[in-house]
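upload04.txt, holding compact mmCIF, C-alpha atoms and all ligand atoms:
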# COMPACT_ATOMS: atom_id res chain seq x y z
CA MET A 298 -13.77 -12.39 -12.60
CA LYS A 299 -11.13 -14.64 -11.15
CA THR A 300 -7.90 -15.00 -13.07
CA ASN A 301 -4.92 -17.08 -12.07
CA LEU A 302 -2.59 -15.23 -9.80
CA PHE A 303 1.07 -15.30 -10.65
CA LYS A 304 0.90 -16.56 -14.22
CA SER A 305 4.67 -16.43 -14.23
CA LYS A 306 4.99 -19.32 -11.77
CA PRO A 307 2.68 -22.01 -10.54
CA ILE A 308 0.58 -20.83 -7.62
CA PRO A 309 2.73 -21.63 -4.60
CA SER A 310 1.30 -23.35 -1.59
CA SER A 311 1.67 -20.05 0.20
CA GLU A 312 -1.08 -18.66 -2.03
CA ILE A 313 -3.48 -21.27 -0.81
CA THR A 314 -4.15 -19.94 2.59
CA PRO A 315 -4.52 -22.61 5.23
CA GLU A 316 -7.65 -22.39 7.28
CA SER A 317 -5.67 -21.42 10.33
CA LEU A 318 -4.68 -18.25 8.58
CA TYR A 319 -8.19 -17.20 7.78
CA LEU A 320 -8.19 -15.68 11.18
CA ASN A 321 -11.33 -16.08 13.12
CA ARG A 322 -13.03 -12.77 12.43
CA ARG A 323 -13.88 -12.09 16.05
CA GLU A 324 -10.33 -12.69 17.14
CA PHE A 325 -9.04 -10.44 14.42
CA LEU A 326 -11.42 -7.65 15.33
CA LYS A 327 -10.50 -8.04 18.95
CA ALA A 328 -6.88 -7.69 17.98
CA LEU A 329 -7.74 -4.59 15.95
CA GLY A 330 -9.35 -3.17 19.03
CA ILE A 331 -6.38 -3.65 21.25
CA VAL A 332 -3.93 -2.50 18.70
CA SER A 333 -5.98 0.63 18.24
CA ALA A 334 -5.01 2.08 20.03
CA GLY A 335 11.34 20.84 7.07
CA SER A 336 13.58 20.95 4.65
CA LEU A 337 12.52 20.82 1.01
CA ILE A 338 11.77 17.18 0.37
CA LEU A 339 11.16 16.20 -3.19
CA ALA A 340 12.00 12.55 -3.16
CA ALA A 341 8.84 10.48 -2.92
CA CYS A 342 9.65 8.50 0.11
CA GLY A 343 12.85 10.53 -0.08
CA GLY A 344 15.99 10.09 1.92
CA ARG A 345 16.44 11.10 5.49
CA THR A 346 15.46 14.70 6.05
CA THR A 347 14.45 16.95 8.86
CA THR A 348 11.87 15.40 11.11
CA PRO A 349 8.89 17.73 11.43
CA ALA A 350 8.17 18.95 14.94
CA ALA A 351 6.19 16.27 16.64
CA GLY A 352 2.87 17.18 18.20
CA SER A 353 1.74 15.27 21.24
CA PRO A 354 -0.32 12.28 20.26
CA PRO A 355 -3.55 11.80 22.17
CA ALA A 356 -3.39 9.98 25.46
CA PRO A 357 -3.23 6.27 24.70
CA THR A 358 -5.51 3.55 25.92
CA VAL A 359 -3.27 1.00 24.32
CA THR A 360 -2.95 -2.56 25.39
CA GLN A 361 -0.06 -4.43 23.90
CA ASP A 362 -0.85 -6.79 21.06
CA THR A 363 1.02 -9.82 22.24
CA THR A 364 0.15 -12.24 19.43
CA ALA A 365 3.25 -13.48 17.65
CA PRO A 366 3.74 -12.61 13.99
CA SER A 367 3.22 -15.64 11.77
CA ALA A 368 2.88 -16.38 8.09
CA SER A 369 2.05 -19.58 6.27
CA ALA A 370 4.75 -18.89 3.71
CA THR A 371 8.46 -18.50 4.18
CA THR A 372 9.18 -17.16 0.71
CA ASP A 373 7.45 -15.42 -2.17
CA GLU A 374 6.64 -17.30 -5.40
CA LEU A 375 10.16 -16.60 -6.69
CA GLY A 376 11.72 -18.27 -3.66
CA ASP A 377 12.83 -15.01 -2.01
CA ALA A 378 12.73 -15.03 1.78
CA LEU A 379 10.21 -12.93 3.68
CA THR A 380 11.56 -9.73 5.17
CA SER A 381 11.50 -9.89 8.97
CA TYR A 382 8.53 -8.46 10.89
CA ASP A 383 11.00 -6.27 12.71
CA ASP A 384 12.33 -4.69 9.50
CA ILE A 385 8.87 -4.28 7.98
CA THR A 386 7.66 -2.45 11.07
CA ASN A 387 10.72 -0.32 11.78
CA TYR A 388 11.76 0.92 8.35
CA ASN A 389 8.75 2.83 7.07
CA ASN A 390 7.70 5.62 4.81
CA PHE A 391 4.72 7.41 6.27
CA TYR A 392 5.30 11.12 5.84
CA GLU A 393 2.20 12.04 7.81
CA PHE A 394 4.20 11.09 10.89
CA THR A 395 7.80 11.82 9.94
CA THR A 396 10.19 11.53 7.03
CA ASP A 397 12.57 9.57 9.27
CA LYS A 398 11.98 5.90 8.43
CA ALA A 399 13.19 4.71 11.81
CA GLY A 400 10.94 7.16 13.65
CA VAL A 401 7.55 6.27 12.17
CA ALA A 402 6.87 3.35 14.52
CA ARG A 403 7.37 5.49 17.62
CA LEU A 404 5.41 8.50 16.40
CA SER A 405 2.50 6.42 15.13
CA LYS A 406 2.31 4.11 18.15
CA ASN A 407 -0.89 5.63 19.54
CA PHE A 408 -2.60 6.36 16.23
CA LYS A 409 -6.29 5.65 16.71
CA THR A 410 -7.55 3.18 14.12
CA THR A 411 -10.94 2.31 15.63
CA PRO A 412 -13.61 3.29 14.81
CA TRP A 413 -12.67 3.72 11.15
CA THR A 414 -14.80 4.15 8.07
CA ILE A 415 -14.10 4.31 4.35
CA GLU A 416 -16.43 6.26 2.11
CA VAL A 417 -16.74 4.67 -1.33
CA GLY A 418 -18.48 6.86 -3.87
CA GLY A 419 -18.21 8.98 -6.99
CA MET A 420 -19.29 7.33 -10.25
CA VAL A 421 -20.89 4.26 -8.72
CA ASN A 422 -24.47 3.03 -8.52
CA ASN A 423 -24.22 1.99 -4.85
CA PRO A 424 -22.17 4.49 -2.87
CA LYS A 425 -21.62 3.32 0.67
CA THR A 426 -19.61 4.05 3.78
CA TYR A 427 -18.05 0.89 5.21
CA SER A 428 -16.50 0.26 8.57
CA VAL A 429 -13.43 -1.95 8.60
CA ASP A 430 -15.60 -4.42 10.49
CA ASP A 431 -18.07 -4.47 7.54
CA LEU A 432 -15.25 -5.09 5.10
CA LEU A 433 -13.72 -7.92 7.10
CA ALA A 434 -17.12 -9.54 7.48
CA LYS A 435 -17.85 -9.26 3.78
CA PHE A 436 -14.52 -10.05 2.22
CA GLY A 437 -12.49 -11.90 4.87
CA GLN A 438 -8.76 -11.99 4.52
CA GLN A 439 -6.22 -14.12 2.75
CA GLU A 440 -2.48 -14.09 2.84
CA ARG A 441 -0.70 -12.55 -0.13
CA VAL A 442 3.07 -12.58 -0.18
CA TYR A 443 4.21 -9.65 -2.33
CA ARG A 444 7.43 -7.86 -3.09
CA LEU A 445 7.31 -4.14 -2.24
CA ARG A 446 9.72 -2.05 -4.32
CA CYS A 447 10.12 1.54 -3.18
CA VAL A 448 10.96 4.19 -5.78
CA GLU A 449 14.05 4.88 -3.62
CA ALA A 450 15.44 1.51 -4.76
CA TRP A 451 15.00 -0.61 -1.65
CA SER A 452 12.63 -3.54 -1.39
CA MET A 453 11.01 -6.04 0.96
CA VAL A 454 8.95 -9.24 0.75
CA ILE A 455 5.80 -8.90 2.85
CA PRO A 456 3.14 -11.46 3.81
CA TRP A 457 0.08 -9.19 3.71
CA MET A 458 -3.40 -10.21 4.81
CA GLY A 459 -6.23 -8.67 2.86
CA PHE A 460 -8.77 -8.96 0.08
CA GLU A 461 -9.00 -8.01 -3.56
CA LEU A 462 -9.90 -4.39 -4.22
CA ALA A 463 -12.04 -5.63 -7.14
CA GLY A 464 -14.46 -7.23 -4.66
CA LEU A 465 -15.20 -3.88 -3.05
CA LEU A 466 -15.41 -2.06 -6.39
CA ASN A 467 -17.84 -4.62 -7.78
CA GLU A 468 -19.99 -4.21 -4.70
CA VAL A 469 -20.45 -0.47 -5.29
CA GLU A 470 -21.01 -1.03 -9.04
CA PRO A 471 -18.85 1.37 -11.06
CA MET A 472 -20.82 3.29 -13.70
CA ALA A 473 -19.82 2.70 -17.33
CA SER A 474 -18.37 6.22 -17.39
CA ALA A 475 -15.95 5.53 -14.48
CA LYS A 476 -12.34 5.21 -15.67
CA TYR A 477 -10.18 5.85 -12.59
CA VAL A 478 -10.12 5.20 -8.88
CA TYR A 479 -8.98 7.89 -6.44
CA PHE A 480 -7.79 7.12 -2.89
CA GLU A 481 -7.32 9.43 0.07
CA THR A 482 -5.53 9.02 3.42
CA ILE A 483 -6.98 10.40 6.64
CA LEU A 484 -6.33 14.08 7.36
CA ASP A 485 -5.73 14.47 11.08
CA GLU A 486 -2.85 16.70 12.03
CA LYS A 487 -3.55 16.28 15.73
CA GLN A 488 -2.49 12.66 15.42
CA MET A 489 -0.14 13.00 12.47
CA PRO A 490 2.54 15.58 13.20
CA GLY A 491 3.96 15.45 9.68
CA GLN A 492 0.71 16.90 8.33
CA LYS A 493 1.63 20.17 10.01
CA SER A 494 4.34 20.52 7.39
CA GLY A 495 3.22 22.89 4.67
CA LEU A 496 5.62 21.25 2.24
CA TYR A 497 3.11 18.65 1.16
CA PRO A 498 -0.39 19.03 -0.25
CA TRP A 499 -2.15 16.90 2.38
CA PRO A 500 -4.03 14.64 2.47
CA TYR A 501 -1.89 12.00 0.75
CA THR A 502 -3.73 10.97 -2.39
CA GLU A 503 -3.26 8.27 -5.00
CA GLY A 504 -4.98 6.89 -8.05
CA LEU A 505 -5.21 3.94 -10.41
CA ARG A 506 -6.87 3.34 -13.73
CA LEU A 507 -10.04 1.31 -13.12
CA ASP A 508 -8.71 -1.77 -14.93
CA GLU A 509 -5.54 -1.66 -12.81
CA ALA A 510 -7.65 -1.39 -9.67
CA MET A 511 -9.73 -4.38 -10.79
CA HIS A 512 -6.66 -6.57 -11.31
CA PRO A 513 -6.67 -9.50 -8.88
CA LEU A 514 -3.17 -8.66 -7.62
CA ALA A 515 -4.37 -5.29 -6.28
CA ILE A 516 -5.47 -5.72 -2.67
CA LEU A 517 -6.64 -3.77 0.31
CA ALA A 518 -4.46 -4.98 3.17
CA THR A 519 -5.75 -5.13 6.71
CA GLY A 520 -3.04 -7.28 8.22
CA MET A 521 0.49 -8.52 7.90
CA TYR A 522 2.30 -11.60 9.25
CA GLY A 523 -1.09 -12.83 10.53
CA LYS A 524 -1.64 -9.76 12.72
CA PRO A 525 -3.66 -6.58 12.22
CA LEU A 526 -1.63 -3.96 10.38
CA PRO A 527 0.40 -1.85 12.79
CA PRO A 528 -0.08 1.92 12.41
CA GLN A 529 3.30 2.46 10.77
CA ASP A 530 2.33 0.12 7.92
CA GLY A 531 -0.98 1.84 7.17
CA ALA A 532 -3.52 0.63 9.72
CA PRO A 533 -6.29 -0.16 9.64
CA ILE A 534 -6.46 -0.51 5.85
CA ARG A 535 -4.16 0.33 2.95
CA LEU A 536 -3.79 -0.32 -0.72
CA VAL A 537 -1.11 -2.73 -2.01
CA VAL A 538 -0.31 -2.68 -5.74
CA PRO A 539 2.78 -4.88 -5.99
CA TRP A 540 3.83 -4.10 -9.57
CA LYS A 541 4.07 -0.36 -8.91
CA TYR A 542 6.49 1.68 -6.84
CA GLY A 543 5.60 1.60 -3.15
CA PHE A 544 4.28 5.16 -2.99
CA LYS A 545 1.21 4.08 -5.00
CA SER A 546 0.29 1.79 -2.07
CA ILE A 547 -1.46 4.47 -0.04
CA LYS A 548 -1.91 3.93 3.70
CA SER A 549 -4.73 4.50 6.19
CA ILE A 550 -7.41 5.10 3.56
CA VAL A 551 -10.65 6.93 4.40
CA LYS A 552 -12.01 7.64 0.93
CA ILE A 553 -12.25 5.86 -2.43
CA GLU A 554 -13.86 7.66 -5.33
CA LEU A 555 -14.50 6.54 -8.90
CA THR A 556 -14.09 9.20 -11.53
CA ASP A 557 -13.87 9.71 -15.29
CA LYS A 558 -10.73 11.87 -15.06
CA GLN A 559 -7.22 10.92 -14.09
CA PRO A 560 -7.05 12.01 -10.45
CA ALA A 561 -4.35 14.29 -9.08
CA THR A 562 -2.01 12.35 -6.80
CA MET A 563 0.27 13.78 -4.15
CA TRP A 564 3.68 12.85 -5.54
CA ASN A 565 2.69 13.58 -9.12
CA THR A 566 1.45 17.01 -8.03
CA ILE A 567 4.70 17.78 -6.21
CA ALA A 568 7.07 16.58 -8.96
CA SER A 569 5.43 15.20 -12.09
CA ASN A 570 8.78 14.80 -13.84
CA GLU A 571 9.92 12.38 -11.11
CA TYR A 572 6.75 10.55 -10.14
CA GLY A 573 4.44 9.62 -12.97
CA PHE A 574 0.81 8.64 -12.56
CA TYR A 575 1.58 5.05 -13.56
CA SER A 576 4.83 4.50 -11.65
CA ASN A 577 5.10 0.88 -12.69
CA VAL A 578 8.36 -0.67 -11.52
CA ASN A 579 10.60 -0.47 -14.57
CA PRO A 580 14.36 -1.08 -14.42
CA GLU A 581 14.77 0.59 -17.82
CA VAL A 582 13.33 3.94 -16.84
CA SER A 583 15.59 5.80 -14.43
CA HIS A 584 14.36 8.25 -11.88
CA PRO A 585 15.86 11.60 -12.99
CA ARG A 586 18.21 11.42 -9.99
CA TRP A 587 19.05 7.72 -9.74
CA SER A 588 18.93 4.43 -11.65
CA GLN A 589 16.08 1.99 -11.13
CA ALA A 590 18.05 -0.95 -12.57
CA SER A 591 18.88 -2.46 -9.17
CA GLU A 592 17.67 -2.41 -5.60
CA ARG A 593 18.70 -3.14 -2.05
CA ARG A 594 16.60 -5.87 -0.45
CA ILE A 595 16.23 -4.96 3.22
CA GLY A 596 17.98 -7.58 5.36
CA GLU A 597 20.26 -8.67 2.50
CA ALA A 598 23.82 -7.68 1.62
CA GLY A 599 24.58 -6.21 -1.80
CA ARG A 600 22.12 -5.31 -4.52
CA ARG A 601 19.88 -7.32 -6.79
CA LYS A 602 18.49 -6.60 -10.23
CA THR A 603 15.12 -4.94 -10.35
CA LEU A 604 12.55 -6.96 -12.27
CA MET A 605 10.15 -5.49 -14.82
CA PHE A 606 6.82 -4.79 -13.11
CA ASN A 607 8.57 -5.96 -9.93
CA GLY A 608 8.42 -9.57 -11.17
CA TYR A 609 4.70 -9.53 -12.00
CA GLU A 610 5.19 -8.92 -15.72
CA GLU A 611 3.27 -11.96 -16.95
CA ASP A 612 0.35 -11.01 -14.75
CA VAL A 613 0.06 -7.33 -15.54
CA ALA A 614 1.88 -6.46 -18.80
CA SER A 615 -1.35 -6.82 -20.79
CA LEU A 616 -2.79 -3.83 -18.90
CA TYR A 617 -0.29 -1.67 -20.78
CA THR A 618 -0.38 -3.17 -24.29
CA GLY A 619 0.41 -0.51 -26.88
CA MET A 620 1.53 2.06 -24.32
CA ASP A 621 4.95 3.65 -24.37
CA LEU A 622 6.17 2.88 -20.87
CA LYS A 623 8.93 5.48 -21.09
CA MET A 624 6.39 8.23 -21.79
CA ASN A 625 3.84 6.83 -19.36
CA TYR A 626 6.27 6.40 -16.49
N1 LIG B 701 0.85 6.34 2.29
C1 LIG B 701 0.73 7.47 2.99
N2 LIG B 701 -0.49 7.87 3.36
N3 LIG B 701 1.79 8.22 3.35
C2 LIG B 701 3.07 7.89 2.96
O1 LIG B 701 4.02 8.62 3.28
N4 LIG B 701 4.46 6.30 1.75
C3 LIG B 701 4.47 5.42 0.58
C4 LIG B 701 3.49 4.26 0.73
N5 LIG B 701 2.21 4.74 1.22
C5 LIG B 701 3.24 6.71 2.19
C6 LIG B 701 2.09 5.93 1.90
C7 LIG B 701 5.79 4.88 0.27
S1 LIG B 701 6.88 5.98 -0.40
C8 LIG B 701 6.11 3.58 0.44
S2 LIG B 701 7.58 2.95 -0.13
C9 LIG B 701 5.22 2.66 1.15
O2 LIG B 701 4.04 3.31 1.61
C10 LIG B 701 5.96 2.09 2.34
O3 LIG B 701 5.16 1.18 3.03
P1 LIG B 701 5.73 0.50 4.37
O4 LIG B 701 6.21 1.60 5.26
O5 LIG B 701 4.59 -0.27 4.94
O6 LIG B 701 6.88 -0.39 3.93

Spit out the file's structure as structure tokens when you get a sec.
Amino acid sequence: MKTNLFKSKPIPSSEITPESLYLNRREFLKALGIVSAGSLILAACGGRTTTPAAGSPPAPTVTQDTTAPSASATTDELGDALTSYDDITNYNNFYEFTTDKAGVARLSKNFKTTPWTIEVGGMVNNPKTYSVDDLLAKFGQQERVYRLRCVEAWSMVIPWMGFELAGLLNEVEPMASAKYVYFETILDEKQMPGQKSGLYPWPYTEGLRLDEAMHPLAILATGMYGKPLPPQDGAPIRLVVPWKYGFKSIKSIVKIELTDKQPATMWNTIASNEYGFYSNVNPEVSHPRWSQASERRIGEAGRRKTLMFNGYEEDVASLYTGMDLKMNY
């Protein structure tokens, strides 16, 4: 199935990835190789809190990735400028490392992302464990410029590189009984000091309804700004679901499982009244502790209005026909 992306606007030239941006697979893999290298917190991607005690990351064998960040687009399809590479890589939510946004890059610097495998199983006819290499060979990468709206009411515009999640799901053949997709982040407290905190039910988990997961806007991202994903942004592979709050876009995935029951997800387990299973961006449904009507775009002064489904309403609203979006927040 291939539907038009961005029904709301004509497909911008940035959606048609120039050949130069389909990175040569070998070069990309080479780059992957060199890159490889306590207080009560109940705000999903919550505000600044105590940084958990940092463990010592393993001794690095890291060579600097010296390729310059580049994107074919300069704006998203609404004409909004891309957030700078510097902001995207230095203002992060990745609680496995720290709850301090500015500290994630440093603490994750030596996170080992090769070798890496993702186990895809559950209610599928062809369960399989893939290496990131397999996935890149099979699905390639294209640039997708998406807005990312955090539930904390800040946002960015990010030129991801990746492929549609639907491609991978089709490959493993979901059984007719499968209704949901469950995702899990790596559990490795030696490398991820934040996982030593008993405040969270690690590993980080997320879930989507199967039809949401099959939507062509849902991607698995392996790169950003033409470079392999840096650890702080979810290397080597993460989910990106642009019409939902950022916490649904789970990082550093090692497991995908199809199921017939709505899966438990980390933030929903911690505070179901604040973080619903759906968590679609909705300016009309406030978080119990703050409004979702506006947001702060990183790199911009002032605030801007939050758009329904983060601006992807025409593309995704039909997934929720007949549902009460206030009840199913
Ligand atoms: N995935 C994992 N495994 N751990 C996290 O803490 N944070 C989420 C999401 N994915 C998170 C995660 C939140 S709250 C947001 S807003 C986005 O990642 C932030 O992605 P970024 O740091 O690449 O901007």

Query raised in the report: Using all atoms listed in the file, which of the listed residues (A:Glu509, A:Glu592, A:Glu503, A:Glu554) sits closest to Gly573 of chain A?
Result: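 So, comparing all the options, the nearest one is A:Glu503.
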
Once 5 Å is added on each side, what centre and edge lengths in Å to one decimal does the axis-aligned box around all listed atoms of ligand LIG 701 (chain B) have, as lines of an AutoDock Vina configuration file?
center_x = 3.5
center_y = 4.1
center_z = 2.4
size_x = 18.1
size_y = 19.0
size_z = 15.7

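Closest approach to ligand LIG 701 (chain B) among A:Val454, A:Ile553, A:Met472, A:Ala568 is made by A:Val454 (distances from only C-alpha atoms and all ligand atoms).
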
Closest pair table for chain A residues within 6 Å of ligand LIG 701 (chain B), all atoms listed in the file, as a Markdown table:
| residue | atom | partner | partner_atom | distance |
| --- | --- | --- | --- | --- |
| A:Ala341 | CA | B:LIG701 | S1 | 5.5 |
| A:Cys342 | CA | B:LIG701 | S1 | 3.8 |
| A:Ile385 | CA | B:LIG701 | O6 | 6.0 |
| A:Asn389 | CA | B:LIG701 | O4 | 3.4 |
| A:Asn390 | CA | B:LIG701 | O4 | 4.3 |
| A:Phe391 | CA | B:LIG701 | O1 | 3.3 |
| A:Tyr392 | CA | B:LIG701 | O1 | 3.8 |
| A:Glu393 | CA | B:LIG701 | N3 | 5.9 |
| A:Cys447 | CA | B:LIG701 | S2 | 4.2 |
| A:Thr482 | CA | B:LIG701 | N2 | 5.2 |
| A:Tyr501 | CA | B:LIG701 | N2 | 5.1 |
| A:Asp530 | CA | B:LIG701 | O5 | 3.8 |
| A:Gly543 | CA | B:LIG701 | S2 | 3.9 |
| A:Phe544 | CA | B:LIG701 | C3 | 3.6 |
| A:Ser546 | CA | B:LIG701 | N5 | 4.8 |
| A:Ile547 | CA | B:LIG701 | N1 | 3.8 |
| A:Lys548 | CA | B:LIG701 | N1 | 3.9 |

Keeping only C-alpha atoms, write the selected residues to a file as a PDB file, in the frame of the given file.
ATOM      1  CA  ALA A 341       8.840  10.480  -2.920  1.00  0.00           C
ATOM      2  CA  CYS A 342       9.650   8.500   0.110  1.00  0.00           C
ATOM      3  CA  ILE A 385       8.870  -4.280   7.980  1.00  0.00           C
ATOM      4  CA  ASN A 389       8.750   2.830   7.070  1.00  0.00           C
ATOM      5  CA  ASN A 390       7.700   5.620   4.810  1.00  0.00           C
ATOM      6  CA  PHE A 391       4.720   7.410   6.270  1.00  0.00           C
ATOM      7  CA  TYR A 392       5.300  11.120   5.840  1.00  0.00           C
ATOM      8  CA  GLU A 393       2.200  12.040   7.810  1.00  0.00           C
ATOM      9  CA  CYS A 447      10.120   1.540  -3.180  1.00  0.00           C
ATOM     10  CA  THR A 482      -5.530   9.020   3.420  1.00  0.00           C
ATOM     11  CA  TYR A 501      -1.890  12.000   0.750  1.00  0.00           C
ATOM     12  CA  ASP A 530       2.330   0.120   7.920  1.00  0.00           C
ATOM     13  CA  GLY A 543       5.600   1.600  -3.150  1.00  0.00           C
ATOM     14  CA  PHE A 544       4.280   5.160  -2.990  1.00  0.00           C
ATOM     15  CA  SER A 546       0.290   1.790  -2.070  1.00  0.00           C
ATOM     16  CA  ILE A 547      -1.460   4.470  -0.040  1.00  0.00           C
ATOM     17  CA  LYS A 548      -1.910   3.930   3.700  1.00  0.00           C
TER      18      LYS A 548
END

Query - Gap from atom CA of Tyr477 of chain A to atom CA of Asn570 of chain A - Å, one decimal - result: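 One can read the atom CA of Tyr477 of chain A to atom CA of Asn570 of chain A distance as 21.0 Å.
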
Query raised in the report: At what distance in Å, to one decimal, does atom CA of Thr556 of chain A lie from atom CA of Lys476 of chain A?
Result: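 Atom-to-atom, atom CA of Lys476 of chain A and atom CA of Thr556 of chain A are spaced 6.0 Å apart.
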
Report summary line: Atom pair atom CA of Val421 of chain A + atom CA of Leu622 of chain A, distance 29.7 Å
